[in-house]
Amino acid sequence: MATPHIKAEMGDFAPAVLMPGDPKRAERIAHLLMDDAKLVNDVRGMLGFTGTYQGKPLSVMGSGMGQPSISIYATELFSQFGVERIIRVGTCGGIAPQVKVGDAVIGLGAHTDSAMNTYRIPGVHFSATASYELVRAAVDAAPEGKQVHVGTIISRDHFYLPTQTPIDVLSKYGVLGVEMEAAALYGVAAEYGKQALAVLTVSDHLMDHSADMSAEERETNFHTALDMAVAAALS
Ligand SMILES: O=P(O)(O)O[C@H]1O[C@H](CO)[C@@H](O)[C@H]1O
Ligand SMILES: O=c1cc[nH]c(=O)[nH]1
């Protein structure tokens with residue numbers, strides 16, 4: 001049955017959903033991977049597609065930007081449409097010095113400055129972690145010769161932060177990169193006993209902006225991350 005944000009029926013989504021932030025990227029990925037991709041959602045322009053990849057059912061849908069937005073879609077997909085795993089395929093800003101623009105990052109755990117997981121379990125600082133099985137499948141599928149980093153990321157609420165973020169401190173703590181959705185996605189997956197992972201392409205570096213990607217490159221330069229995300233989705 002349709003939900004407030006997804007006009008589809010049970011069975012319209014595959015058990016595995018790839019979820020980029022940008023709905024245009026969702027459309028691009030759907031047509032890149034699947035000859036038989038069918039539009040299953042367009043409420044608010046949040047395009048969702050389902051088809052088959054190498055004979056297995058697969059869906060791709062945008063999440064929008066930020067933790068409230070991905071939480072809405074993840075909650076509805078997990079609770080109303082039989083979805084079992086969501087793999088975010090996004091971009092992140094590099095923080096750790098070894099992480100370079102164009103590398104891929106697998107988000108093992110996500111720190112956050114958001115309150116979205118704070119109230120889940122009273123008195124507990126929730127640990128937002130990816131599903132081990134998905135991490136393992138993604139790591140196993142890392143393409144030879146590509147730089148793939150596995151570790152913690154931070155999911156921030158602000159893109160344009162009005163106060164100084166201690167990037168150097170985050171770097172000291174081994175945080176690989178910054179994005180805006182994974183912590184909430186991992187929280188929703190835990191709530192519903194489902195699986196989640198974020199596989200990210202480094203689009204810019206917070207310590208050195210000399211090699212940052214353009215908007216167009218951010219939309220198209222995601223193939224290493226996508227290969228690993230698909231492998232995890234269909235594992
Ligand atoms: O490229 P996507 O998946 O949208 O991810 C990153 O880009 C957006 C900010 O520009 C945020 O959604 C952030 O998490
Ligand atoms: O949230 C994000 C995503 C990409 N790059 C950034 O600097 N921040």
# chains A, B, ... in the order shown; residues from 1 in each chain; ligands from 1

$ residues_near_ligand --ligand "ligand 1" --cutoff "8 Å" --atoms "only C-alpha atoms and all ligand atoms" --output "PyMOL selection string"
chain A and resi 19-22+63-66+88-92+155+159+178-182+200+218-219

$ write_last_selection --atoms "N, CA and C atoms" --output "mmCIF file, in the first residue's frame"
data_model
loop_
_atom_site.group_PDB
_atom_site.id
_atom_site.type_symbol
_atom_site.label_atom_id
_atom_site.label_comp_id
_atom_site.auth_asym_id
_atom_site.auth_seq_id
_atom_site.Cartn_x
_atom_site.Cartn_y
_atom_site.Cartn_z
ATOM 1 N N MET A 19 20.845 3.118 -2.787
ATOM 2 C CA MET A 19 20.234 4.398 -2.463
ATOM 3 C C MET A 19 21.249 5.549 -2.526
ATOM 4 N N PRO A 20 21.344 6.213 -3.668
ATOM 5 C CA PRO A 20 22.146 7.437 -3.738
ATOM 6 C C PRO A 20 21.331 8.617 -3.192
ATOM 7 N N GLY A 21 22.012 9.697 -2.834
ATOM 8 C CA GLY A 21 21.272 10.862 -2.361
ATOM 9 C C GLY A 21 20.461 11.507 -3.476
ATOM 10 N N ASP A 22 21.062 11.536 -4.662
ATOM 11 C CA ASP A 22 20.502 12.278 -5.789
ATOM 12 C C ASP A 22 19.568 11.390 -6.627
ATOM 13 N N SER A 63 17.586 9.094 -1.949
ATOM 14 C CA SER A 63 17.230 9.292 -0.524
ATOM 15 C C SER A 63 16.994 10.746 -0.186
ATOM 16 N N GLY A 64 17.390 11.662 -1.107
ATOM 17 C CA GLY A 64 17.439 13.065 -0.718
ATOM 18 C C GLY A 64 18.658 13.296 0.165
ATOM 19 N N MET A 65 18.818 14.552 0.588
ATOM 20 C CA MET A 65 19.997 14.890 1.387
ATOM 21 C C MET A 65 19.644 15.018 2.865
ATOM 22 N N GLY A 66 20.461 14.421 3.711
ATOM 23 C CA GLY A 66 20.318 14.591 5.146
ATOM 24 C C GLY A 66 19.633 13.418 5.824
ATOM 25 N N ARG A 88 23.606 2.539 0.741
ATOM 26 C CA ARG A 88 23.763 3.920 0.288
ATOM 27 C C ARG A 88 24.973 4.013 -0.628
ATOM 28 N N VAL A 89 24.771 4.643 -1.794
ATOM 29 C CA VAL A 89 25.866 4.845 -2.753
ATOM 30 C C VAL A 89 26.017 6.354 -2.893
ATOM 31 N N GLY A 90 26.872 6.945 -2.074
ATOM 32 C CA GLY A 90 26.905 8.410 -2.033
ATOM 33 C C GLY A 90 28.287 8.979 -2.245
ATOM 34 N N THR A 91 28.393 10.280 -1.991
ATOM 35 C CA THR A 91 29.692 10.938 -2.001
ATOM 36 C C THR A 91 30.032 11.359 -0.570
ATOM 37 N N CYS A 92 31.325 11.556 -0.327
ATOM 38 C CA CYS A 92 31.745 12.091 0.964
ATOM 39 C C CYS A 92 32.927 13.018 0.754
ATOM 40 N N SER A 155 28.520 11.482 9.909
ATOM 41 C CA SER A 155 27.311 11.960 9.231
ATOM 42 C C SER A 155 26.895 13.264 9.916
ATOM 43 N N PHE A 159 25.803 20.885 5.921
ATOM 44 C CA PHE A 159 26.802 20.850 4.851
ATOM 45 C C PHE A 159 27.660 22.107 5.003
ATOM 46 N N VAL A 178 33.369 12.625 5.557
ATOM 47 C CA VAL A 178 32.124 13.225 6.052
ATOM 48 C C VAL A 178 31.048 13.149 4.975
ATOM 49 N N GLU A 179 29.854 12.763 5.403
ATOM 50 C CA GLU A 179 28.672 12.798 4.548
ATOM 51 C C GLU A 179 27.473 13.133 5.429
ATOM 52 N N MET A 180 26.250 12.861 4.968
ATOM 53 C CA MET A 180 25.107 13.394 5.713
ATOM 54 C C MET A 180 23.959 12.404 5.965
ATOM 55 N N GLU A 181 24.168 11.102 5.746
ATOM 56 C CA GLU A 181 23.030 10.175 5.886
ATOM 57 C C GLU A 181 23.299 8.870 6.634
ATOM 58 N N ALA A 182 24.528 8.361 6.614
ATOM 59 C CA ALA A 182 24.758 6.965 7.034
ATOM 60 C C ALA A 182 24.323 6.668 8.468
ATOM 61 N N LEU A 200 30.948 4.947 -0.326
ATOM 62 C CA LEU A 200 31.015 6.346 -0.739
ATOM 63 C C LEU A 200 32.183 6.607 -1.682
ATOM 64 N N ARG A 218 30.665 14.571 -9.635
ATOM 65 C CA ARG A 218 30.046 13.935 -8.463
ATOM 66 C C ARG A 218 28.906 13.022 -8.888
ATOM 67 N N GLU A 219 28.248 13.393 -10.010
ATOM 68 C CA GLU A 219 27.090 12.614 -10.451
ATOM 69 C C GLU A 219 27.491 11.379 -11.252
#

$ closest_residue --among "A:Val83, A:Leu197, A:Ile70, A:Ile154" --to "Tyr132 of chain A" --atoms "only C-alpha atoms"
A:Leu197

$ residues_around --residues "segment 227-229 of chain A" --least-positions-apart "6" --cutoff "6 Å" --atoms "only C-alpha atoms" --output "list in words"
Ala138, Ala141 and Ala142 of chain A

$ closest_residue --among "A:His209, A:Arg28, A:Arg85, A:His223" --to "Lys100 of chain A" --atoms "only C-alpha atoms"
A:His209

$ residues_around --residues "Asp36 of chain A" --least-positions-apart "5" --cutoff "9 Å" --atoms "only C-alpha atoms" --output "list in words"
Ala30, His31, Thr50, Gly51, Thr52 and Tyr53 of chain A

$ write_last_selection --atoms "C-alpha atoms" --output "PDB file, in the first residue's frame"
ATOM      1  CA  ALA A  30      19.202   2.031 -12.747  1.00  0.00           C
ATOM      2  CA  HIS A  31      19.717   2.389 -16.502  1.00  0.00           C
ATOM      3  CA  THR A  50      13.179  -1.897  -9.983  1.00  0.00           C
ATOM      4  CA  GLY A  51      14.583  -4.406 -12.454  1.00  0.00           C
ATOM      5  CA  THR A  52      17.022  -7.277 -12.550  1.00  0.00           C
ATOM      6  CA  TYR A  53      20.811  -7.340 -12.519  1.00  0.00           C
TER       7      TYR A  53
END

$ closest_residue --among "A:Leu33, A:Val43, A:Leu77, A:Ala115" --to "Lys56 of chain A" --atoms "only C-alpha atoms"
A:Leu33

$ atom_distance --atom1 "atom CA of Tyr186 of chain A" --atom2 "atom CA of Gly55 of chain A"
27.8 Å

$ closest_residue --among "A:Gly94, A:Pro4, A:Gly107, A:Gly151" --to "ligand 2" --atoms "only C-alpha atoms and all ligand atoms"
A:Gly94
